[in-house]
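A.B. asks: Let me give you the structure first, and then I'll get to my questions.
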Amino acid sequence: IPPPPFISKPEDLWNDEEKKLFEEYEKKVEELNEQKEEYKQTLENEWKKLEASIQETTLNFDETVCKLSERKVKSEAVIYQEELKIVNLTCALLLDEELDTREAGLHNCLTKKKKEKVTPYSVFLRYGQVGAFLEKQCCGNKKVFFLISPPSQNLERRFTKQFADIPDDLLDELFQLYTRRPKSPRTEMLLDTANPYGNCSGSEDYTDALTLLMKAMDELDSPEHMPEGLDQSIWKNFCLARRNKMESEELVKWKARALAEMQAFFQRRTEENEKMKSQIENIFKELTWLQEKKTKLQQNLTVQFVLNQGQVELESTEIPDYSDAILIKKSVVEELNSSISTQGEKKIAAIIEFKDFSRGIRRLEWEHKKMRMQIEDLKEKARDIVILPISKDCQLFLTVLNYESHIAQHIAGLEETLRVMDKLHKKNVKNHQKKIRELKKCICLKEEANYALSLQLKEMLVSVSERRHIFEAADTRDISEEITKRRYQEILKQKNLRDLIKEQKEEFESLQSELE
């Protein structure tokens with residue numbers, strides 16, 4: 001609606017027509033605003049309706065989505081449960097198959113070990129014949145050793161007995177040659193390790209070594225090595241004794257070597273047997289362990305249960321581990337809970353009863369303690385009354401009837417005595433003051449006399465010094481007795497005067513202190 005053209009003018013300059021036109025313009029503007037408001041309200045109502053319908057559709061859509069998601073979750077849970085069952089079954093089958101294969105392998109290994117144990121040379125080990133055989137061999141070797149080769153000490157003793165007639169220096173030289181061994185090449189005896197108890201070529205090796213030793217001994221038996229001054233027959237006997245010694249030592253050495261190799265073979269076989277036994281024992285242990293595990297797996301079956309939500313109370317939101325869980329009926333748990341609650345109520349009642357009883361005991365104990373303390377207080381009071389010290393005033397107060405009048409009389413007597421003592425004191429003070437004045441006068445007179453005496457003393461000292469100078473100058477030592485007596489009397493007077501002055505001073509000080 002366009003405004004009128006005169007609206008720019010002030011209202012005072014408007015005429016009646018212009019005012020009417022302005023009123024019509026205002027009416028039209030109001031009508032237009034009312035139409036706008038009505039149209040706005042209609043639009044708002046339509047917008048609210050559309051919004052409500054949209055919310056309704058969204059809620060329905062959300063509900064359908066939730067239902068579908070719940071169905072999806074339930075279906076996925078069922079699928080997962082079935083898959084878990086399949087996995088558990090496959091795992092159990094695989095474990096069973098693995099245990100079976102392991103058991104079959106152990107049985108095969110056990111049969112192989114048993115076959116390895118049953119060998120031609122393990123028969124001795126099985127029946128314990130190797131030890132007896134070795135003992136026989138060792139005993140035979142010892143017999144041979146003792147028969148053929150006596151100990152070295154016995155040979156040396158025999159040598160000394162046989163050649164006892166020879167001088168000592170030749171005997172020492174022969175003994176050194178007797179103990180000396182020839183330089184022969186070393187030979188090794190190789191036994192058949194596969195069968196060391198059978199016939200071996202040790203005797204041939206021994207004969208070869210013995211021939212080599214004898215050849216080396218031929219060189220030592222030559223006359224070149226014979227000591228000087230020795231008889232030829234004695235040398236031959238010595239060579240024969242030395243050869244016998246070398247043969248016996250060589251035989252002992254070869255027998256000991258054979259015995260050591262036999263013992264080593266026996267030790268090796270025993271170690272192999274112990275090792276085989278330990279392996280077989282380990283296999284049997286593993287077989288028993290496998291059988292136990294197999295029976296445990298067959299008895300300890302995994303069973304799946306679908307638990308409703310809210311039946312299991314958990315502190316955390318994580319999925320719990322039910323590997324060590326036990327399946328129990330609900331009625332058993334409820335009965336246990338009811339029995340626990342009844343027992344708890346009984347315990348609470350017993351505790352309350354015990355509490356009341358203990359409270360009564362404590363109250364009685366407190367009353368008993370209170371009465372004992374009262375008894376002790378009364379006993380202490382009685383003891384204090386018995387031991388209480390009573391003074392004269394208390395005795396007078398208890399014995400005299402008119403105690404106040406008695407006290408008044410006593411006070412009056414004390415005041416009278418006090419007045420008398422005061423008079424005496426004043427009188428004594430006056431007397432002492434009079435004595436002090438007299439003493440002061442005496443002191444003044446004595447001081448004047450002392451001053452005069454001091455002047456005389458100075459004059460006398462001057463005269464004495466002059467006379468001394470004169471005496472020293474004249475060198476005259478003849479002094480009359482009268483002069484000496486006079487001087488001595490003057491000195492005594494001065495000394496007496498000084499003593500009097502001291503005594504008077506002391507008396508004056510004592511009187512002054514008494515006056516104060």
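Convention: chains lettered A, B, ... in structure tokens order; per-chain residue numbering from 1; ligands numbered from 1 as shown.
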For A:Arg437, work out the shell of residues within 12 Å, counting only C-alpha atoms and skipping chain neighbours fewer than 5 positions away, then give it as a short mmCIF file (atom, residue, chain, number, x, y, z; two decimals) with N, CA and C atoms, in the first residue's frame.

C.D. replies:
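Okay, selection01.cif is ready:
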data_model
loop_
_atom_site.label_atom_id
_atom_site.label_comp_id
_atom_site.auth_asym_id
_atom_site.auth_seq_id
_atom_site.Cartn_x
_atom_site.Cartn_y
_atom_site.Cartn_z
N LYS A 430 69.11 6.94 123.77
CA LYS A 430 69.61 8.23 124.28
C LYS A 430 70.96 8.04 124.96
N ASN A 431 71.08 7.00 125.76
CA ASN A 431 72.36 6.73 126.42
C ASN A 431 73.48 6.49 125.41
N HIS A 432 73.16 5.70 124.40
CA HIS A 432 74.16 5.43 123.37
C HIS A 432 74.55 6.70 122.61
N CYS A 442 86.37 12.91 122.42
CA CYS A 442 87.67 12.26 122.70
C CYS A 442 88.46 12.05 121.41
N ILE A 443 87.76 11.67 120.36
CA ILE A 443 88.42 11.43 119.07
C ILE A 443 89.04 12.72 118.54
N CYS A 444 88.27 13.82 118.66
CA CYS A 444 88.82 15.11 118.18
C CYS A 444 90.08 15.48 118.96
N PHE A 508 84.78 3.36 118.36
CA PHE A 508 83.89 4.31 117.68
C PHE A 508 83.06 3.62 116.60
N LEU A 511 80.34 1.43 118.28
CA LEU A 511 79.25 2.27 118.81
C LEU A 511 78.38 2.83 117.70
N GLN A 512 79.00 3.23 116.61
CA GLN A 512 78.23 3.77 115.48
C GLN A 512 77.32 2.70 114.88
N LEU A 515 74.43 2.18 117.22
CA LEU A 515 73.50 3.28 117.09
C LEU A 515 72.63 3.13 115.86
#

A.B. asks: Applying 8 Å and only C-alpha atoms, which residues near stretch 14-31 of chain A remain after dropping the ones on its own chain fewer than 4 positions away? List them as a tab-separated table (two decimals) with C-alpha atoms, in the first residue's frame.

C.D. replies:
chain	number	residue	atom	x	y	z
A	1	ILE	CA	0.00	0.00	0.00
A	3	PRO	CA	1.63	6.05	1.49
A	4	PRO	CA	-0.11	9.35	0.59
A	6	PHE	CA	1.26	14.63	1.97
A	9	LYS	CA	4.14	17.46	5.64
A	10	PRO	CA	3.61	18.13	9.32
A	35	GLN	CA	-3.91	-10.79	6.85

A.B. asks: Excluding stretch 107-111 of chain A and residues on its chain fewer than 3 positions from it, collect all residues at most 12 Å away from it, counting only C-alpha atoms, and give them as a PyMOL selection string.

C.D. replies: chain A and resi 100-104+114-118+276-288+290

A.B. asks: Please save N, CA, C and O atoms of the selected residues as a compact mmCIF listing (two decimals), in the first residue's frame.

C.D. replies:
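Listed below is the output, result.txt:
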# COMPACT_ATOMS: atom_id res chain seq x y z
N ASP A 100 47.31 -89.09 19.90
CA ASP A 100 47.44 -90.43 19.33
C ASP A 100 48.73 -90.58 18.55
O ASP A 100 49.45 -91.59 18.67
N THR A 101 49.02 -89.57 17.72
CA THR A 101 50.27 -89.65 16.92
C THR A 101 51.49 -89.64 17.82
O THR A 101 52.46 -90.37 17.59
N ARG A 102 51.44 -88.81 18.88
CA ARG A 102 52.58 -88.76 19.80
C ARG A 102 52.76 -90.10 20.52
O ARG A 102 53.87 -90.59 20.69
N GLU A 103 51.62 -90.71 20.91
CA GLU A 103 51.69 -92.01 21.58
C GLU A 103 52.25 -93.08 20.66
O GLU A 103 53.08 -93.92 21.07
N ALA A 104 51.78 -93.06 19.37
CA ALA A 104 52.29 -94.05 18.41
C ALA A 104 53.79 -93.86 18.18
O ALA A 104 54.56 -94.83 18.12
N LYS A 114 64.24 -100.94 22.59
CA LYS A 114 64.33 -102.31 23.08
C LYS A 114 65.13 -103.19 22.12
O LYS A 114 65.92 -104.05 22.53
N LYS A 115 64.93 -102.98 20.80
CA LYS A 115 65.71 -103.76 19.82
C LYS A 115 67.20 -103.40 19.92
O LYS A 115 68.05 -104.27 19.78
N GLU A 116 67.48 -102.08 20.09
CA GLU A 116 68.89 -101.68 20.23
C GLU A 116 69.51 -102.27 21.49
O GLU A 116 70.68 -102.63 21.51
N LYS A 117 68.69 -102.39 22.53
CA LYS A 117 69.22 -102.94 23.78
C LYS A 117 69.54 -104.42 23.65
O LYS A 117 70.50 -104.92 24.21
N VAL A 118 68.73 -105.17 22.87
CA VAL A 118 68.95 -106.61 22.67
C VAL A 118 69.98 -106.77 21.56
O VAL A 118 69.65 -106.88 20.38
N MET A 276 70.54 -95.88 27.96
CA MET A 276 69.37 -96.52 27.35
C MET A 276 68.25 -96.66 28.37
O MET A 276 67.07 -96.43 28.05
N LYS A 277 68.60 -97.03 29.62
CA LYS A 277 67.58 -97.17 30.66
C LYS A 277 66.89 -95.84 30.94
O LYS A 277 65.67 -95.77 31.09
N SER A 278 67.69 -94.78 31.03
CA SER A 278 67.09 -93.46 31.29
C SER A 278 66.18 -93.02 30.15
O SER A 278 65.09 -92.48 30.37
N GLN A 279 66.61 -93.29 28.90
CA GLN A 279 65.75 -92.95 27.76
C GLN A 279 64.44 -93.72 27.79
O GLN A 279 63.36 -93.17 27.55
N ILE A 280 64.53 -95.04 28.12
CA ILE A 280 63.31 -95.85 28.18
C ILE A 280 62.40 -95.36 29.31
O ILE A 280 61.17 -95.27 29.15
N GLU A 281 62.99 -95.00 30.46
CA GLU A 281 62.19 -94.46 31.57
C GLU A 281 61.51 -93.15 31.18
O GLU A 281 60.34 -92.92 31.51
N ASN A 282 62.24 -92.27 30.48
CA ASN A 282 61.64 -91.01 30.02
C ASN A 282 60.48 -91.27 29.06
O ASN A 282 59.44 -90.59 29.12
N ILE A 283 60.66 -92.28 28.18
CA ILE A 283 59.58 -92.62 27.24
C ILE A 283 58.36 -93.12 28.00
O ILE A 283 57.22 -92.75 27.70
N PHE A 284 58.59 -93.99 29.02
CA PHE A 284 57.45 -94.49 29.80
C PHE A 284 56.75 -93.35 30.55
O PHE A 284 55.52 -93.31 30.62
N LYS A 285 57.54 -92.42 31.11
CA LYS A 285 56.95 -91.27 31.80
C LYS A 285 56.09 -90.44 30.85
O LYS A 285 54.98 -90.01 31.19
N GLU A 286 56.63 -90.20 29.65
CA GLU A 286 55.87 -89.41 28.67
C GLU A 286 54.62 -90.14 28.24
O GLU A 286 53.56 -89.52 28.03
N LEU A 287 54.70 -91.47 28.11
CA LEU A 287 53.51 -92.26 27.75
C LEU A 287 52.43 -92.16 28.83
O LEU A 287 51.25 -91.96 28.53
N THR A 288 52.85 -92.28 30.09
CA THR A 288 51.87 -92.14 31.18
C THR A 288 51.27 -90.74 31.22
O THR A 288 50.06 -90.58 31.42
N LEU A 290 50.90 -88.75 28.65
CA LEU A 290 49.98 -88.65 27.52
C LEU A 290 48.67 -89.36 27.82
O LEU A 290 47.58 -88.86 27.49

A.B. asks: If I take atom CA of A:Asn428 and atom CA of A:Ser513, how far is one from the other in Å, to one decimal?

C.D. replies: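 A separation of 14.1 Å between them.
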